[in-house]
$ cat data_39.cif   # mmCIF, C-alpha atoms and all ligand atoms
data_entry
#
loop_
_atom_site.label_atom_id
_atom_site.label_comp_id
_atom_site.auth_asym_id
_atom_site.auth_seq_id
_atom_site.Cartn_x
_atom_site.Cartn_y
_atom_site.Cartn_z
CA MET A 29 25.93 -24.90 1.91
CA ARG A 30 27.09 -22.77 4.87
CA SER A 31 25.06 -19.77 5.95
CA ALA A 32 25.25 -16.76 8.26
CA GLU A 33 23.01 -13.85 9.09
CA VAL A 34 25.93 -11.47 8.53
CA VAL A 35 29.22 -12.18 6.77
CA VAL A 36 32.00 -9.74 7.63
CA ILE A 37 34.87 -9.60 5.14
CA GLY A 38 38.18 -8.92 6.88
CA ALA A 39 39.43 -9.65 10.42
CA GLY A 40 41.24 -6.39 11.02
CA VAL A 41 40.28 -4.15 13.91
CA ILE A 42 37.22 -2.77 12.09
CA GLY A 43 35.82 -6.16 11.04
CA ALA A 44 36.41 -7.57 14.52
CA SER A 45 34.73 -4.58 16.17
CA VAL A 46 31.73 -4.80 13.84
CA ALA A 47 31.40 -8.56 14.48
CA TYR A 48 31.65 -8.11 18.25
CA HIS A 49 29.08 -5.31 18.37
CA LEU A 50 26.66 -7.24 16.15
CA ALA A 51 26.93 -10.31 18.36
CA ARG A 52 26.59 -8.28 21.54
CA ARG A 53 23.34 -6.91 20.18
CA GLY A 54 22.12 -10.47 19.69
CA CYS A 55 22.40 -10.58 15.90
CA GLY A 56 21.98 -14.10 14.49
CA PRO A 57 25.00 -16.10 13.31
CA VAL A 58 27.90 -13.82 12.36
CA MET A 59 30.82 -15.13 10.32
CA VAL A 60 34.09 -13.32 9.64
CA VAL A 61 36.15 -14.43 6.64
CA GLU A 62 39.81 -13.46 6.60
CA ARG A 63 42.17 -14.45 3.84
CA SER A 64 45.28 -14.34 6.06
CA ARG A 65 46.18 -17.09 8.51
CA SER A 66 45.42 -14.85 11.49
CA SER A 67 43.85 -11.51 12.36
CA GLY A 68 45.71 -8.22 12.11
CA GLU A 69 47.91 -9.05 9.12
CA GLY A 70 46.51 -6.17 7.08
CA SER A 71 46.99 -2.60 8.29
CA THR A 72 45.98 -3.11 11.92
CA GLY A 73 49.19 -4.88 12.90
CA ARG A 74 51.20 -2.12 11.19
CA ALA A 75 49.63 0.87 12.92
CA THR A 76 51.82 2.93 15.23
CA GLY A 77 49.16 3.16 17.93
CA GLY A 78 48.29 6.83 18.11
CA PHE A 79 44.98 8.01 19.53
CA ARG A 80 43.67 11.54 19.23
CA ALA A 81 40.52 13.57 19.42
CA GLN A 82 42.23 16.65 18.00
CA PHE A 83 40.70 16.62 14.53
CA GLY A 84 39.48 19.41 12.26
CA SER A 85 36.00 18.00 11.59
CA GLU A 86 33.19 17.60 14.07
CA ILE A 87 32.41 14.02 13.10
CA ASN A 88 36.01 12.86 13.59
CA VAL A 89 36.17 14.52 17.01
CA ARG A 90 32.90 12.85 17.99
CA LEU A 91 34.08 9.44 16.74
CA SER A 92 37.21 9.82 18.87
CA LEU A 93 35.24 10.84 21.96
CA LEU A 94 32.91 7.85 21.58
CA SER A 95 35.90 5.56 21.05
CA ARG A 96 37.65 7.04 24.09
CA GLU A 97 34.64 6.34 26.26
CA LYS A 98 34.65 2.75 25.01
CA LEU A 99 38.41 2.41 25.57
CA TRP A 100 37.97 3.43 29.21
CA ARG A 101 35.47 0.60 29.65
CA PHE A 102 37.27 -1.85 27.34
CA GLU A 103 39.02 -3.97 29.95
CA GLU A 104 35.92 -4.27 32.09
CA GLU A 105 33.78 -5.17 29.09
CA LEU A 106 36.19 -7.42 27.20
CA GLY A 107 38.82 -8.50 29.71
CA ALA A 108 41.64 -7.21 27.50
CA ASP A 109 43.93 -4.19 27.77
CA PRO A 110 43.53 -1.74 24.85
CA GLY A 111 46.69 0.02 26.02
CA TYR A 112 45.11 3.49 26.13
CA ARG A 113 47.64 5.85 27.71
CA PRO A 114 46.85 9.58 27.70
CA CYS A 115 50.36 10.89 27.01
CA GLY A 116 49.06 13.66 24.77
CA TYR A 117 49.43 14.85 21.19
CA LEU A 118 51.52 17.97 20.64
CA PHE A 119 51.09 19.74 17.28
CA LEU A 120 53.81 22.27 16.43
CA ALA A 121 53.30 25.27 14.15
CA GLY A 122 56.10 26.85 12.15
CA ASP A 123 54.19 29.98 11.16
CA GLY A 124 51.07 31.99 11.90
CA ALA A 125 49.00 30.33 9.18
CA GLN A 126 49.62 26.86 10.63
CA LEU A 127 48.86 28.05 14.15
CA GLY A 128 45.70 29.77 12.95
CA ALA A 129 44.50 26.53 11.36
CA LEU A 130 45.25 24.57 14.55
CA LEU A 131 43.29 27.07 16.62
CA ARG A 132 40.35 27.04 14.21
CA ALA A 133 40.30 23.27 14.56
CA GLN A 134 40.29 23.76 18.32
CA GLY A 135 37.08 25.74 17.93
CA VAL A 136 35.52 22.77 16.11
CA GLN A 137 36.81 20.46 18.85
CA ARG A 138 35.24 22.55 21.62
CA GLU A 139 31.90 22.58 19.79
CA ALA A 140 32.06 18.80 19.56
CA GLY A 141 32.76 18.41 23.29
CA LEU A 142 36.55 18.21 23.55
CA GLU A 143 37.36 20.71 26.30
CA GLU A 144 40.92 19.98 27.29
CA ALA A 145 42.85 20.75 24.08
CA ARG A 146 44.74 24.01 24.52
CA GLU A 147 47.11 26.40 22.79
CA VAL A 148 50.78 26.28 23.81
CA THR A 149 53.55 28.85 23.41
CA PRO A 150 57.15 27.95 22.44
CA SER A 151 58.13 27.93 26.11
CA GLY A 152 55.09 25.75 26.88
CA ILE A 153 56.30 23.37 24.17
CA GLU A 154 59.69 23.17 25.89
CA GLU A 155 57.98 22.18 29.11
CA ILE A 156 55.86 19.50 27.49
CA ASN A 157 58.61 18.08 25.29
CA PRO A 158 62.06 19.40 26.23
CA ALA A 159 63.76 17.33 23.51
CA ILE A 160 62.35 19.48 20.69
CA ARG A 161 64.36 22.31 19.17
CA THR A 162 61.86 25.16 19.38
CA GLY A 163 63.71 27.72 17.25
CA GLY A 164 61.48 28.48 14.26
CA LEU A 165 58.28 27.40 16.03
CA VAL A 166 55.61 30.00 16.75
CA GLY A 167 53.48 27.82 19.03
CA GLY A 168 51.19 24.85 18.89
CA VAL A 169 48.33 22.95 20.47
CA PHE A 170 48.30 20.15 23.03
CA CYS A 171 45.63 17.76 24.22
CA PRO A 172 46.59 15.74 27.31
CA THR A 173 43.92 13.05 26.81
CA ASP A 174 45.19 12.15 23.35
CA GLY A 175 47.92 9.54 23.40
CA PHE A 176 48.49 5.90 22.64
CA ILE A 177 46.66 2.62 22.19
CA ARG A 178 47.73 -0.94 21.41
CA PRO A 179 46.21 -1.87 18.04
CA MET A 180 46.69 -5.62 18.52
CA GLY A 181 45.32 -5.40 22.07
CA ILE A 182 42.12 -3.82 20.78
CA LEU A 183 41.89 -6.27 17.90
CA GLY A 184 42.53 -9.25 20.19
CA GLY A 185 39.90 -8.01 22.65
CA TYR A 186 37.27 -7.80 19.94
CA VAL A 187 38.21 -11.13 18.28
CA GLU A 188 38.05 -12.99 21.59
CA GLY A 189 34.96 -11.14 22.76
CA ALA A 190 33.19 -11.91 19.49
CA GLY A 191 34.31 -15.53 19.69
CA ARG A 192 32.81 -15.87 23.18
CA LEU A 193 29.51 -14.57 21.77
CA GLY A 194 29.53 -17.23 19.06
CA VAL A 195 31.03 -15.35 16.09
CA ARG A 196 32.85 -17.75 13.76
CA PHE A 197 36.19 -16.58 12.36
CA GLU A 198 37.39 -18.41 9.27
CA TYR A 199 41.06 -17.79 8.52
CA GLY A 200 42.79 -18.53 5.23
CA VAL A 201 39.44 -17.96 3.51
CA GLU A 202 39.26 -15.29 0.83
CA CYS A 203 36.12 -13.60 -0.42
CA THR A 204 36.32 -14.06 -4.18
CA GLY A 205 32.97 -12.62 -5.27
CA PHE A 206 29.25 -12.49 -4.63
CA GLU A 207 26.11 -14.13 -5.93
CA LEU A 208 23.72 -11.27 -6.69
CA ASP A 209 20.02 -11.89 -7.11
CA GLY A 210 19.48 -9.14 -9.69
CA SER A 211 17.65 -6.73 -7.36
CA GLY A 212 20.66 -5.30 -5.55
CA ARG A 213 20.74 -8.11 -2.99
CA ILE A 214 23.70 -10.31 -2.24
CA ALA A 215 22.37 -13.86 -1.91
CA ALA A 216 25.69 -15.50 -1.09
CA VAL A 217 29.35 -14.68 -0.56
CA ARG A 218 31.72 -16.68 -2.74
CA THR A 219 34.86 -17.68 -0.86
CA SER A 220 37.88 -19.87 -1.40
CA GLY A 221 36.27 -22.15 1.19
CA GLY A 222 32.90 -22.37 -0.62
CA ASP A 223 29.78 -20.23 -0.84
CA VAL A 224 28.10 -18.77 2.25
CA VAL A 225 24.41 -17.89 2.03
CA CYS A 226 23.90 -14.65 3.90
CA GLY A 227 21.41 -12.11 5.16
CA SER A 228 23.84 -9.20 4.92
CA VAL A 229 27.48 -8.53 4.12
CA VAL A 230 29.90 -6.05 5.71
CA ASN A 231 32.93 -4.91 3.76
CA ALA A 232 35.73 -4.46 6.32
CA ALA A 233 38.60 -5.18 3.96
CA GLY A 234 40.64 -2.08 4.82
CA ALA A 235 42.95 -0.89 2.03
CA TRP A 236 41.63 -3.78 -0.10
CA ALA A 237 37.99 -2.72 0.23
CA ALA A 238 37.65 -1.41 -3.34
CA PRO A 239 38.55 -4.72 -5.05
CA VAL A 240 36.07 -6.49 -2.74
CA ALA A 241 33.33 -3.96 -3.54
CA ARG A 242 34.03 -4.24 -7.28
CA GLU A 243 32.97 -7.89 -7.09
CA ALA A 244 29.54 -6.63 -6.03
CA GLY A 245 29.49 -4.13 -8.91
CA LEU A 246 30.24 -1.18 -6.64
CA ASP A 247 32.80 1.51 -7.41
CA LEU A 248 34.13 2.26 -3.91
CA PRO A 249 36.39 5.33 -3.66
CA VAL A 250 38.95 3.89 -1.24
CA GLU A 251 42.60 3.74 -2.24
CA PRO A 252 45.72 2.34 -0.58
CA LEU A 253 48.40 4.82 0.46
CA ARG A 254 51.77 3.55 1.66
CA ARG A 255 53.07 4.83 4.97
CA GLN A 256 56.56 4.00 6.23
CA ALA A 257 57.86 3.89 9.80
CA ALA A 258 61.52 4.19 10.83
CA VAL A 259 62.58 2.58 14.11
CA THR A 260 65.70 3.44 16.11
CA HIS A 261 67.81 1.10 18.18
CA PRO A 262 66.82 1.04 21.87
CA PHE A 263 67.19 4.62 23.11
CA GLU A 264 66.85 5.91 26.64
CA LEU A 265 67.10 9.68 26.22
CA LEU A 266 63.44 10.09 25.26
CA PRO A 267 60.81 8.91 27.76
CA GLU A 268 58.16 6.31 26.94
CA ASP A 269 55.46 8.81 27.92
CA MET A 270 56.68 11.52 25.56
CA PRO A 271 53.61 12.83 23.73
CA MET A 272 53.14 12.14 20.06
CA THR A 273 54.86 15.21 18.60
CA ILE A 274 53.87 16.43 15.15
CA PHE A 275 55.40 19.15 12.99
CA VAL A 276 52.47 20.61 11.07
CA GLU A 277 54.76 21.99 8.36
CA ASP A 278 55.29 18.60 6.74
CA GLY A 279 53.61 16.03 9.00
CA PHE A 280 56.87 14.64 10.41
CA HIS A 281 56.07 13.07 13.78
CA LEU A 282 57.62 10.88 16.40
CA ARG A 283 56.81 8.82 19.46
CA VAL A 284 58.53 6.31 21.72
CA ARG A 285 57.27 2.73 21.75
CA ASP A 286 58.82 -0.11 23.74
CA GLY A 287 62.04 1.81 24.30
CA ARG A 288 62.63 2.73 20.66
CA VAL A 289 61.78 5.91 18.81
CA LEU A 290 59.40 5.68 15.85
CA LEU A 291 59.96 8.32 13.17
CA LEU A 292 57.19 8.96 10.67
CA TRP A 293 56.89 11.30 7.73
CA PRO A 294 54.05 11.08 5.22
CA ASP A 295 55.64 11.33 1.79
CA GLU A 296 53.90 11.06 -1.57
CA PRO A 297 54.99 7.56 -2.53
CA ALA A 298 55.84 7.02 -6.19
CA VAL A 299 55.08 3.31 -6.26
CA ALA A 300 54.17 1.34 -9.37
CA ASP A 301 52.10 -1.11 -7.32
CA PRO A 302 49.64 0.81 -5.10
CA PHE A 303 49.69 -2.10 -2.62
CA ASP A 304 53.50 -1.98 -2.32
CA GLN A 305 54.59 -2.16 1.35
CA SER A 306 58.36 -1.90 1.06
CA VAL A 307 60.57 0.54 2.99
CA GLU A 308 62.84 2.75 0.91
CA ASP A 309 66.37 3.61 1.98
CA SER A 310 66.10 7.08 0.44
CA TRP A 311 63.01 7.78 2.61
CA LEU A 312 64.89 6.56 5.68
CA GLY A 313 67.77 8.94 4.91
CA THR A 314 65.38 11.90 4.64
CA VAL A 315 63.46 11.08 7.81
CA VAL A 316 66.62 10.62 9.86
CA GLY A 317 67.88 14.04 8.67
CA MET A 318 64.58 15.66 9.72
CA ALA A 319 64.66 13.94 13.08
CA ARG A 320 68.20 14.96 13.98
CA GLU A 321 67.64 18.57 13.02
CA ARG A 322 64.44 18.88 15.07
CA VAL A 323 65.24 16.57 17.98
CA PRO A 324 68.99 16.98 18.51
CA CYS A 325 69.44 14.07 20.95
CA LEU A 326 68.47 11.68 18.15
CA SER A 327 71.96 12.19 16.69
CA GLN A 328 73.01 9.76 19.42
CA THR A 329 71.12 6.83 17.93
CA SER A 330 70.66 5.22 14.54
CA ILE A 331 68.03 3.28 12.62
CA ASP A 332 67.51 -0.44 13.16
CA ARG A 333 66.80 -1.25 9.50
CA GLU A 334 65.39 -4.70 10.23
CA ARG A 335 62.64 -3.26 12.41
CA CYS A 336 61.44 -0.57 10.00
CA TRP A 337 58.17 -1.31 8.27
CA ALA A 338 55.56 0.04 5.90
CA GLY A 339 51.82 -0.46 5.65
CA LEU A 340 48.78 0.92 3.91
CA TYR A 341 46.33 3.64 4.83
CA GLU A 342 42.85 3.17 3.36
CA MET A 343 42.20 6.63 1.91
CA SER A 344 38.80 8.02 1.03
CA PRO A 345 38.54 11.17 -1.13
CA ASP A 346 37.74 13.41 1.86
CA GLY A 347 39.81 11.61 4.49
CA HIS A 348 36.72 10.44 6.39
CA ALA A 349 35.25 6.97 6.83
CA LEU A 350 32.41 5.60 4.70
CA LEU A 351 29.91 4.03 7.06
CA GLY A 352 26.55 2.55 6.17
CA LYS A 353 24.65 0.81 3.44
CA ALA A 354 26.29 0.87 0.01
CA PRO A 355 24.40 3.11 -2.41
CA GLY A 356 21.93 1.18 -4.55
CA MET A 357 22.38 -2.06 -2.66
CA GLU A 358 20.00 -3.85 -0.34
CA ASN A 359 22.24 -5.69 2.09
CA PHE A 360 25.85 -4.64 1.49
CA TYR A 361 27.30 -2.47 4.28
CA LEU A 362 30.53 -0.49 4.29
CA ALA A 363 32.94 0.24 7.14
CA ASN A 364 35.75 1.59 5.02
CA GLY A 365 38.03 4.52 4.25
CA SER A 366 39.07 5.56 7.77
CA SER A 367 42.09 7.13 6.08
CA GLY A 368 44.71 6.20 8.64
CA HIS A 369 42.54 6.53 11.77
CA GLY A 370 40.89 3.14 11.72
CA VAL A 371 42.30 1.75 14.94
CA MET A 372 41.38 4.69 17.10
CA HIS A 373 37.91 4.88 15.57
CA ALA A 374 37.22 1.13 15.44
CA PRO A 375 35.39 0.95 18.79
CA ALA A 376 32.97 3.68 17.68
CA LEU A 377 32.58 2.51 14.07
CA GLY A 378 31.80 -1.07 15.10
CA GLN A 379 29.03 0.03 17.46
CA LEU A 380 27.58 2.50 14.94
CA LEU A 381 27.56 0.04 12.05
CA ALA A 382 25.83 -2.54 14.25
CA GLU A 383 23.13 0.07 14.96
CA ILE A 384 22.77 0.87 11.25
CA LEU A 385 22.52 -2.79 10.31
CA LEU A 386 20.19 -3.89 13.10
CA ASP A 387 18.09 -0.75 13.70
CA GLY A 388 18.18 0.88 10.29
CA ALA A 389 20.10 3.94 11.57
CA ALA A 390 22.82 4.89 14.03
CA HIS A 391 21.50 6.51 17.19
CA THR A 392 24.54 6.96 19.42
CA LEU A 393 25.92 9.55 17.00
CA ASP A 394 24.63 11.37 13.95
CA VAL A 395 26.73 9.80 11.20
CA HIS A 396 25.14 11.58 8.24
CA ALA A 397 28.57 13.05 7.39
CA LEU A 398 29.89 9.52 6.84
CA ARG A 399 27.12 8.28 4.51
CA PRO A 400 28.69 6.45 1.56
CA SER A 401 26.45 8.30 -0.94
CA ARG A 402 28.01 11.71 -0.14
CA PHE A 403 30.46 11.60 -3.05
CA ALA A 404 27.77 10.86 -5.64
CA GLU A 405 25.72 13.67 -4.04
CA ASP A 406 28.73 15.97 -4.38
CA GLU A 407 28.67 16.68 -0.64
CA PRO A 408 32.00 15.43 0.66
CA ASN A 409 33.33 16.59 4.02
CA LEU A 410 35.91 19.32 3.88
CA THR A 411 39.22 17.58 3.26
CA PRO A 412 41.38 17.96 6.37
CA THR A 413 44.48 20.02 5.67
CA LEU A 414 46.38 19.79 8.93
CA LEU A 415 44.24 17.56 11.09
C1 LIG B 1 52.23 2.90 9.26
C2 LIG B 1 50.80 3.03 9.72
C3 LIG B 1 50.53 3.70 10.90
C4 LIG B 1 49.22 3.84 11.34
N1 LIG B 1 48.99 4.47 12.54
C5 LIG B 1 47.72 4.55 13.02
C6 LIG B 1 47.48 5.13 14.28
O1 LIG B 1 48.41 5.61 14.94
N2 LIG B 1 46.21 5.18 14.73
C7 LIG B 1 45.16 4.68 14.01
O2 LIG B 1 44.02 4.76 14.46
N3 LIG B 1 45.38 4.12 12.81
C8 LIG B 1 46.63 4.04 12.29
N4 LIG B 1 46.84 3.48 11.07
C9 LIG B 1 45.69 3.10 10.26
C10 LIG B 1 45.11 1.78 10.70
O3 LIG B 1 46.11 0.79 10.65
C11 LIG B 1 43.94 1.41 9.79
O4 LIG B 1 43.07 2.50 9.67
C12 LIG B 1 43.16 0.23 10.39
O5 LIG B 1 44.04 -0.82 10.73
C13 LIG B 1 42.11 -0.25 9.41
O6 LIG B 1 41.54 -1.41 9.94
P1 LIG B 1 40.74 -2.39 9.01
O7 LIG B 1 40.22 -3.47 9.87
O8 LIG B 1 39.78 -1.61 8.18
O9 LIG B 1 41.84 -2.91 7.96
P2 LIG B 1 42.89 -4.09 8.06
O10 LIG B 1 43.53 -4.20 9.38
O11 LIG B 1 43.78 -3.94 6.89
O12 LIG B 1 41.98 -5.37 7.88
C14 LIG B 1 41.40 -5.71 6.65
C15 LIG B 1 41.49 -7.21 6.51
O13 LIG B 1 40.76 -7.61 5.36
C16 LIG B 1 41.41 -8.74 4.82
N5 LIG B 1 40.98 -8.90 3.45
C17 LIG B 1 41.19 -8.08 2.40
N6 LIG B 1 40.60 -8.56 1.29
C18 LIG B 1 40.00 -9.72 1.65
C19 LIG B 1 39.24 -10.70 0.94
N7 LIG B 1 38.99 -10.57 -0.37
N8 LIG B 1 38.78 -11.77 1.62
C20 LIG B 1 39.05 -11.93 2.95
N9 LIG B 1 39.77 -11.05 3.65
C21 LIG B 1 40.24 -9.96 3.00
C22 LIG B 1 42.88 -8.39 4.96
O14 LIG B 1 43.70 -9.53 4.92
C23 LIG B 1 42.92 -7.69 6.31
O15 LIG B 1 43.25 -8.56 7.37
C24 LIG B 1 48.14 3.31 10.60
C25 LIG B 1 48.41 2.61 9.42
C26 LIG B 1 49.72 2.46 8.99
C27 LIG B 1 49.98 1.71 7.73
#

$ encode --input "data_39.cif" --output "structure tokens"
Amino acid sequence: MRSAEVVVIGAGVIGASVAYHLARRGCGPVMVVERSRSSGEGSTGRATGGFRAQFGSEINVRLSLLSREKLWRFEEELGADPGYRPCGYLFLAGDGAQLGALLRAQGVQREAGLEEAREVTPSGIEEINPAIRTGGLVGGVFCPTDGFIRPMGILGGYVEGAGRLGVRFEYGVECTGFELDGSGRIAAVRTSGGDVVCGSVVNAAGAWAAPVAREAGLDLPVEPLRRQAAVTHPFELLPEDMPMTIFVEDGFHLRVRDGRVLLLWPDEPAVADPFDQSVEDSWLGTVVGMARERVPCLSQTSIDRERCWAGLYEMSPDGHALLGKAPGMENFYLANGSSGHGVMHAPALGQLLAEILLDGAAHTLDVHALRPSRFAEDEPNLTPTLL
């Protein structure tokens, strides 16, 4: 029978980061099982590649700052380009209440060490992003060090880096259950490729983390949430370095990637299958209408239907990750529920989970706010409203 010190379930950006950081710390044999034929076929390959430290909770700001530090050193450490480009994130407020909430979040950001986020007036918005129709906007906030990353570049860097350190990736191998020893310990991981005796297990199964946890008898509060992305034909009137621009009113946002404009609007999907990843024409019609009204030059392009896509966020009840040992279990660890921020936070979460698993606690950051037991203790983080 095969064995590993740690078995990581899922080769998305979180699983790969965890595996890399464990191996870099000298952890014994680490194995990653991934049911797809290659890495990144879950949510990671479907992310739009935004990076921000402008969050409304201290822990999310700190996770971003730690990740940012690691992204700066990524190429030197891993020999791969994570694609971090500080083009900025520009949040736009349509009324005083929205602006007030953005500025309160800025207070939290300052406390957590993010200095450069600042308030902008409507004329400041025009300077930062001249394509936006500013009528009806009262102001906003801008952080120049937010921006973009390449999700598959980060994932590839961690997969290759982990591989060089001896981590074994098994593709086309699904975790189908666990052998429990009756005292809250997982003795072996059952997979489509046979059982693997293990010291510990990490659940890094993204939007599919709850079904994996259920096999271990754990009720994990992580749910899939479909997110769609509309893509225009190649379009030259908006620059590649245009900041991610977000209308707080309804979450509509846009960016330019590889010469095309990505249009995103978080709707409340009415899907019978929660894992549905189809793109709806009615959603496309709505998002195009929003885009043309707010960014007039977009009337000069149209949607390339073939390139539009949808994917799944991995939502936790309070919109924050669950990081650490699963409640009531001896050797089952969770790196789940990043709620749509998993790529940008993967560098930090991988390092922190390696510390928890190998040292018994994280020491680079205080991650008490992310403890998986917080829901049972009735102490969730405040659910983010705008950020
Ligand atoms: C449209 C969209 C835009 C997004 N934009 C951003 C963004 O701008 N910035 C950002 O930071 N994040 C963004 N996200 C969120 C981001 O994609 C996720 O938070 C992140 O990819 C989660 O990584 P993961 O490794 O946990 O999950 P995944 O990448 O989904 O990896 C989980 C893996 O587990 C595997 N798996 C599942 N069950 C099993 C099993 N039983 N056995 C073996 N393997 C299994 C899956 O096949 C999958 O490969 C976006 C997501 C979407 C959908």

$ closest_atom_pairs --input "data_39.cif" --of "chain A" --to "ligand LIG 1 (chain B)" --cutoff "7 Å" --atoms "all atoms listed in the file" --output "JSON lines"
{"residue": "A:Ile37", "atom": "CA", "partner": "B:LIG1", "partner_atom": "C20", "distance": 5.3}
{"residue": "A:Gly38", "atom": "CA", "partner": "B:LIG1", "partner_atom": "O13", "distance": 3.3}
{"residue": "A:Ala39", "atom": "CA", "partner": "B:LIG1", "partner_atom": "O15", "distance": 5.0}
{"residue": "A:Gly40", "atom": "CA", "partner": "B:LIG1", "partner_atom": "O7", "distance": 3.3}
{"residue": "A:Val41", "atom": "CA", "partner": "B:LIG1", "partner_atom": "O7", "distance": 4.1}
{"residue": "A:Ile42", "atom": "CA", "partner": "B:LIG1", "partner_atom": "O7", "distance": 3.8}
{"residue": "A:Gly43", "atom": "CA", "partner": "B:LIG1", "partner_atom": "O7", "distance": 5.3}
{"residue": "A:Val61", "atom": "CA", "partner": "B:LIG1", "partner_atom": "C20", "distance": 5.3}
{"residue": "A:Glu62", "atom": "CA", "partner": "B:LIG1", "partner_atom": "N9", "distance": 3.8}
{"residue": "A:Arg63", "atom": "CA", "partner": "B:LIG1", "partner_atom": "C20", "distance": 4.1}
{"residue": "A:Ser64", "atom": "CA", "partner": "B:LIG1", "partner_atom": "O14", "distance": 5.2}
{"residue": "A:Ser67", "atom": "CA", "partner": "B:LIG1", "partner_atom": "O15", "distance": 5.8}
{"residue": "A:Gly68", "atom": "CA", "partner": "B:LIG1", "partner_atom": "O10", "distance": 5.3}
{"residue": "A:Glu69", "atom": "CA", "partner": "B:LIG1", "partner_atom": "O15", "distance": 5.0}
{"residue": "A:Gly70", "atom": "CA", "partner": "B:LIG1", "partner_atom": "O11", "distance": 3.5}
{"residue": "A:Ser71", "atom": "CA", "partner": "B:LIG1", "partner_atom": "O11", "distance": 3.7}
{"residue": "A:Thr72", "atom": "CA", "partner": "B:LIG1", "partner_atom": "O5", "distance": 3.2}
{"residue": "A:Gly73", "atom": "CA", "partner": "B:LIG1", "partner_atom": "O10", "distance": 6.7}
{"residue": "A:Arg74", "atom": "CA", "partner": "B:LIG1", "partner_atom": "C26", "distance": 5.3}
{"residue": "A:Ala75", "atom": "CA", "partner": "B:LIG1", "partner_atom": "C4", "distance": 3.4}
{"residue": "A:Thr76", "atom": "CA", "partner": "B:LIG1", "partner_atom": "N1", "distance": 4.2}
{"residue": "A:Gly77", "atom": "CA", "partner": "B:LIG1", "partner_atom": "O1", "distance": 3.9}
{"residue": "A:Gly78", "atom": "CA", "partner": "B:LIG1", "partner_atom": "O1", "distance": 3.4}
{"residue": "A:Phe79", "atom": "CA", "partner": "B:LIG1", "partner_atom": "N2", "distance": 5.7}
{"residue": "A:Val201", "atom": "CA", "partner": "B:LIG1", "partner_atom": "C20", "distance": 6.1}
{"residue": "A:Glu202", "atom": "CA", "partner": "B:LIG1", "partner_atom": "N8", "distance": 3.6}
{"residue": "A:Cys203", "atom": "CA", "partner": "B:LIG1", "partner_atom": "N8", "distance": 3.8}
{"residue": "A:Thr204", "atom": "CA", "partner": "B:LIG1", "partner_atom": "N7", "distance": 5.8}
{"residue": "A:Ala232", "atom": "CA", "partner": "B:LIG1", "partner_atom": "O8", "distance": 5.3}
{"residue": "A:Ala233", "atom": "CA", "partner": "B:LIG1", "partner_atom": "O13", "distance": 3.5}
{"residue": "A:Gly234", "atom": "CA", "partner": "B:LIG1", "partner_atom": "O9", "distance": 3.5}
{"residue": "A:Ala235", "atom": "CA", "partner": "B:LIG1", "partner_atom": "O11", "distance": 5.8}
{"residue": "A:Trp236", "atom": "CA", "partner": "B:LIG1", "partner_atom": "C17", "distance": 5.0}
{"residue": "A:Ala237", "atom": "CA", "partner": "B:LIG1", "partner_atom": "N6", "distance": 6.5}
{"residue": "A:Val240", "atom": "CA", "partner": "B:LIG1", "partner_atom": "N7", "distance": 5.5}
{"residue": "A:Arg254", "atom": "CA", "partner": "B:LIG1", "partner_atom": "C27", "distance": 6.6}
{"residue": "A:Arg255", "atom": "CA", "partner": "B:LIG1", "partner_atom": "C1", "distance": 4.8}
{"residue": "A:Gln256", "atom": "CA", "partner": "B:LIG1", "partner_atom": "C1", "distance": 5.4}
{"residue": "A:Ala257", "atom": "CA", "partner": "B:LIG1", "partner_atom": "C1", "distance": 5.7}
{"residue": "A:Ala338", "atom": "CA", "partner": "B:LIG1", "partner_atom": "C1", "distance": 5.5}
{"residue": "A:Gly339", "atom": "CA", "partner": "B:LIG1", "partner_atom": "C27", "distance": 3.5}
{"residue": "A:Leu340", "atom": "CA", "partner": "B:LIG1", "partner_atom": "C27", "distance": 4.1}
{"residue": "A:Tyr341", "atom": "CA", "partner": "B:LIG1", "partner_atom": "C27", "distance": 5.0}
{"residue": "A:Glu342", "atom": "CA", "partner": "B:LIG1", "partner_atom": "O4", "distance": 6.3}
{"residue": "A:Asn364", "atom": "CA", "partner": "B:LIG1", "partner_atom": "O8", "distance": 6.0}
{"residue": "A:Ser366", "atom": "CA", "partner": "B:LIG1", "partner_atom": "O4", "distance": 5.4}
{"residue": "A:Ser367", "atom": "CA", "partner": "B:LIG1", "partner_atom": "O4", "distance": 5.9}
{"residue": "A:Gly368", "atom": "CA", "partner": "B:LIG1", "partner_atom": "C9", "distance": 3.6}
{"residue": "A:His369", "atom": "CA", "partner": "B:LIG1", "partner_atom": "O2", "distance": 3.5}
{"residue": "A:Gly370", "atom": "CA", "partner": "B:LIG1", "partner_atom": "O4", "distance": 3.1}
{"residue": "A:Val371", "atom": "CA", "partner": "B:LIG1", "partner_atom": "O2", "distance": 3.5}
{"residue": "A:Met372", "atom": "CA", "partner": "B:LIG1", "partner_atom": "O2", "distance": 3.7}
{"residue": "A:His373", "atom": "CA", "partner": "B:LIG1", "partner_atom": "O2", "distance": 6.2}

$ closest_residue --input "data_39.cif" --among "A:Met59, A:Leu246, A:Ala159, A:Glu296" --to "A:Leu282" --atoms "only C-alpha atoms"
A:Ala159

$ closest_residue --input "data_39.cif" --among "A:Phe176, A:Trp311, A:Trp100, A:Tyr117" --to "A:Leu291" --atoms "all atoms listed in the file"
A:Trp311

$ residues_around --input "data_39.cif" --residues "stretch 167-174 of chain A" --least-positions-apart "3" --cutoff "6 Å" --atoms "only C-alpha atoms" --output "count of residues only"
15

$ atom_distance --input "data_39.cif" --atom1 "atom CA of A:Lys98" --atom2 "atom CA of A:Ala133"
23.7 Å
